[in-house]
Amino acid sequence: DVNAFNIRHQLPLHIAVEAGLGLVDEVLIVAGASLDEKEKSGKSSLYLAARGGFVTLVDMIVKAERQVSRETSHGRVILNSVRSMIFQA
């Protein structure tokens, strides 16, 4: 199940993103991995990809998820947050 959590409340997509496994990420996204779920610490796959500097993966997630414009808890738009994280690195 591509949307089964482990004991750390991580999906396979979270683990693959943190490891920078681009091909695995793509396979999981195509297989229907949830892009909205957050891991136990509250980080989404999009956040993890941006924080890791995986620009291609960020682009893949943004294209796969059509709700990128919803606001984060800080009142900023996710896409703007991603851009700022990438350019800070």
# chains A, B, ... in the order shown; residues from 1 in each chain; ligands from 1
$ residues_around --residues "Ile7 (chain A)" --least-positions-apart "5" --cutoff "12 Å" --atoms "only C-alpha atoms" --output "ChimeraX atom specification"
/A:12,39-40
$ residues_around --residues "Leu21 (chain A)" --least-positions-apart "4" --cutoff "12 Å" --atoms "only C-alpha atoms" --output "count of residues only"
15
$ residues_around --residues "Ala64 (chain A)" --least-positions-apart "5" --cutoff "12 Å" --atoms "only C-alpha atoms" --output "list in words"
Asp25, Glu26, Leu28, Ile29, Val30, Ala31, Gly32, Ala33, Ser34, Leu35, Asp36, Ser45, Leu46, Leu57, Val58 and Asp59 of chain A
$ write_last_selection --atoms "all heavy atoms" --output "mmCIF file, in the first residue's frame"
data_model
loop_
_atom_site.group_PDB
_atom_site.id
_atom_site.type_symbol
_atom_site.label_atom_id
_atom_site.label_comp_id
_atom_site.auth_asym_id
_atom_site.auth_seq_id
_atom_site.Cartn_x
_atom_site.Cartn_y
_atom_site.Cartn_z
ATOM 1 N N ASP A 25 10.354 8.071 -6.077
ATOM 2 C CA ASP A 25 9.319 9.089 -5.860
ATOM 3 C C ASP A 25 8.339 9.127 -7.020
ATOM 4 O O ASP A 25 7.129 9.181 -6.824
ATOM 5 C CB ASP A 25 9.947 10.485 -5.711
ATOM 6 C CG ASP A 25 10.852 10.588 -4.506
ATOM 7 O OD1 ASP A 25 10.505 10.014 -3.461
ATOM 8 O OD2 ASP A 25 11.896 11.244 -4.614
ATOM 9 N N GLU A 26 8.877 9.109 -8.226
ATOM 10 C CA GLU A 26 8.023 9.164 -9.419
ATOM 11 C C GLU A 26 7.100 7.961 -9.478
ATOM 12 O O GLU A 26 5.909 8.094 -9.750
ATOM 13 C CB GLU A 26 8.883 9.246 -10.670
ATOM 14 C CG GLU A 26 8.070 9.479 -11.923
ATOM 15 C CD GLU A 26 8.934 9.753 -13.145
ATOM 16 O OE1 GLU A 26 10.161 9.851 -13.030
ATOM 17 O OE2 GLU A 26 8.342 9.877 -14.226
ATOM 18 N N LEU A 28 6.059 6.132 -6.964
ATOM 19 C CA LEU A 28 5.059 6.248 -5.895
ATOM 20 C C LEU A 28 3.970 7.258 -6.252
ATOM 21 O O LEU A 28 2.791 7.018 -6.005
ATOM 22 C CB LEU A 28 5.732 6.637 -4.582
ATOM 23 C CG LEU A 28 6.588 5.551 -3.934
ATOM 24 C CD1 LEU A 28 7.431 6.133 -2.803
ATOM 25 C CD2 LEU A 28 5.721 4.413 -3.434
ATOM 26 N N ILE A 29 4.361 8.376 -6.850
ATOM 27 C CA ILE A 29 3.373 9.388 -7.242
ATOM 28 C C ILE A 29 2.441 8.835 -8.312
ATOM 29 O O ILE A 29 1.221 8.971 -8.222
ATOM 30 C CB ILE A 29 4.075 10.682 -7.704
ATOM 31 C CG1 ILE A 29 4.726 11.372 -6.499
ATOM 32 C CG2 ILE A 29 3.084 11.625 -8.386
ATOM 33 C CD1 ILE A 29 5.645 12.514 -6.857
ATOM 34 N N VAL A 30 3.003 8.166 -9.296
ATOM 35 C CA VAL A 30 2.180 7.565 -10.357
ATOM 36 C C VAL A 30 1.261 6.493 -9.781
ATOM 37 O O VAL A 30 0.125 6.341 -10.223
ATOM 38 C CB VAL A 30 3.078 6.988 -11.486
ATOM 39 C CG1 VAL A 30 2.279 6.140 -12.451
ATOM 40 C CG2 VAL A 30 3.783 8.116 -12.225
ATOM 41 N N ALA A 31 1.736 5.776 -8.757
ATOM 42 C CA ALA A 31 0.937 4.713 -8.137
ATOM 43 C C ALA A 31 -0.148 5.255 -7.211
ATOM 44 O O ALA A 31 -0.933 4.498 -6.665
ATOM 45 C CB ALA A 31 1.852 3.767 -7.367
ATOM 46 N N GLY A 32 -0.182 6.578 -7.023
ATOM 47 C CA GLY A 32 -1.254 7.169 -6.227
ATOM 48 C C GLY A 32 -0.876 7.534 -4.810
ATOM 49 O O GLY A 32 -1.756 7.672 -3.957
ATOM 50 N N ALA A 33 0.405 7.713 -4.545
ATOM 51 C CA ALA A 33 0.821 8.118 -3.199
ATOM 52 C C ALA A 33 0.178 9.455 -2.832
ATOM 53 O O ALA A 33 0.098 10.360 -3.653
ATOM 54 C CB ALA A 33 2.340 8.228 -3.136
ATOM 55 N N SER A 34 -0.263 9.546 -1.601
ATOM 56 C CA SER A 34 -0.887 10.775 -1.118
ATOM 57 C C SER A 34 0.156 11.873 -1.003
ATOM 58 O O SER A 34 1.209 11.689 -0.401
ATOM 59 C CB SER A 34 -1.527 10.542 0.246
ATOM 60 O OG SER A 34 -2.018 11.757 0.758
ATOM 61 N N LEU A 35 -0.132 13.017 -1.584
ATOM 62 C CA LEU A 35 0.782 14.155 -1.537
ATOM 63 C C LEU A 35 0.443 15.103 -0.400
ATOM 64 O O LEU A 35 1.248 15.955 -0.040
ATOM 65 C CB LEU A 35 0.751 14.907 -2.869
ATOM 66 C CG LEU A 35 1.134 14.072 -4.087
ATOM 67 C CD1 LEU A 35 0.886 14.855 -5.357
ATOM 68 C CD2 LEU A 35 2.571 13.615 -4.011
ATOM 69 N N ASP A 36 -0.731 14.967 0.164
ATOM 70 C CA ASP A 36 -1.190 15.878 1.216
ATOM 71 C C ASP A 36 -0.818 15.433 2.625
ATOM 72 O O ASP A 36 -0.768 16.247 3.533
ATOM 73 C CB ASP A 36 -2.707 16.044 1.160
ATOM 74 C CG ASP A 36 -3.164 16.782 -0.081
ATOM 75 O OD1 ASP A 36 -2.399 17.609 -0.596
ATOM 76 O OD2 ASP A 36 -4.288 16.521 -0.527
ATOM 77 N N SER A 45 5.561 15.915 1.860
ATOM 78 C CA SER A 45 6.550 15.496 0.859
ATOM 79 C C SER A 45 7.095 16.703 0.110
ATOM 80 O O SER A 45 8.290 16.768 -0.195
ATOM 81 C CB SER A 45 5.915 14.512 -0.137
ATOM 82 O OG SER A 45 5.505 13.355 0.535
ATOM 83 N N LEU A 46 6.232 17.664 -0.170
ATOM 84 C CA LEU A 46 6.656 18.874 -0.870
ATOM 85 C C LEU A 46 7.672 19.641 -0.029
ATOM 86 O O LEU A 46 8.714 20.082 -0.518
ATOM 87 C CB LEU A 46 5.451 19.758 -1.193
ATOM 88 C CG LEU A 46 5.726 21.075 -1.908
ATOM 89 C CD1 LEU A 46 6.425 20.834 -3.241
ATOM 90 C CD2 LEU A 46 4.429 21.838 -2.120
ATOM 91 N N LEU A 57 12.187 17.133 -8.145
ATOM 92 C CA LEU A 57 11.136 16.474 -7.378
ATOM 93 C C LEU A 57 10.076 17.470 -6.923
ATOM 94 O O LEU A 57 8.879 17.174 -6.968
ATOM 95 C CB LEU A 57 11.737 15.745 -6.183
ATOM 96 C CG LEU A 57 10.770 14.982 -5.299
ATOM 97 C CD1 LEU A 57 9.938 14.000 -6.111
ATOM 98 C CD2 LEU A 57 11.532 14.264 -4.212
ATOM 99 N N VAL A 58 10.495 18.654 -6.513
ATOM 100 C CA VAL A 58 9.535 19.708 -6.150
ATOM 101 C C VAL A 58 8.625 19.981 -7.338
ATOM 102 O O VAL A 58 7.399 20.031 -7.196
ATOM 103 C CB VAL A 58 10.255 21.005 -5.713
ATOM 104 C CG1 VAL A 58 9.277 22.171 -5.628
ATOM 105 C CG2 VAL A 58 10.955 20.802 -4.383
ATOM 106 N N ASP A 59 9.213 20.126 -8.513
ATOM 107 C CA ASP A 59 8.433 20.373 -9.718
ATOM 108 C C ASP A 59 7.456 19.231 -9.984
ATOM 109 O O ASP A 59 6.295 19.459 -10.317
ATOM 110 C CB ASP A 59 9.377 20.569 -10.910
ATOM 111 C CG ASP A 59 8.649 21.003 -12.156
ATOM 112 O OD1 ASP A 59 7.849 21.969 -12.084
ATOM 113 O OD2 ASP A 59 8.864 20.381 -13.217
#
$ atom_distance --atom1 "CA of Glu65 (chain A)" --atom2 "CA of Val24 (chain A)"
17.2 Å
$ atom_distance --atom1 "CA of Gly53 (chain A)" --atom2 "CA of Asp1 (chain A)"
27.1 Å
$ closest_residue --among "A:Gly20, A:Phe5, A:Leu11, A:Glu37" --to "Ala50 (chain A)" --atoms "only C-alpha atoms"
A:Gly20
$ atom_distance --atom1 "CA of Gly22 (chain A)" --atom2 "CA of Leu48 (chain A)"
12.7 Å
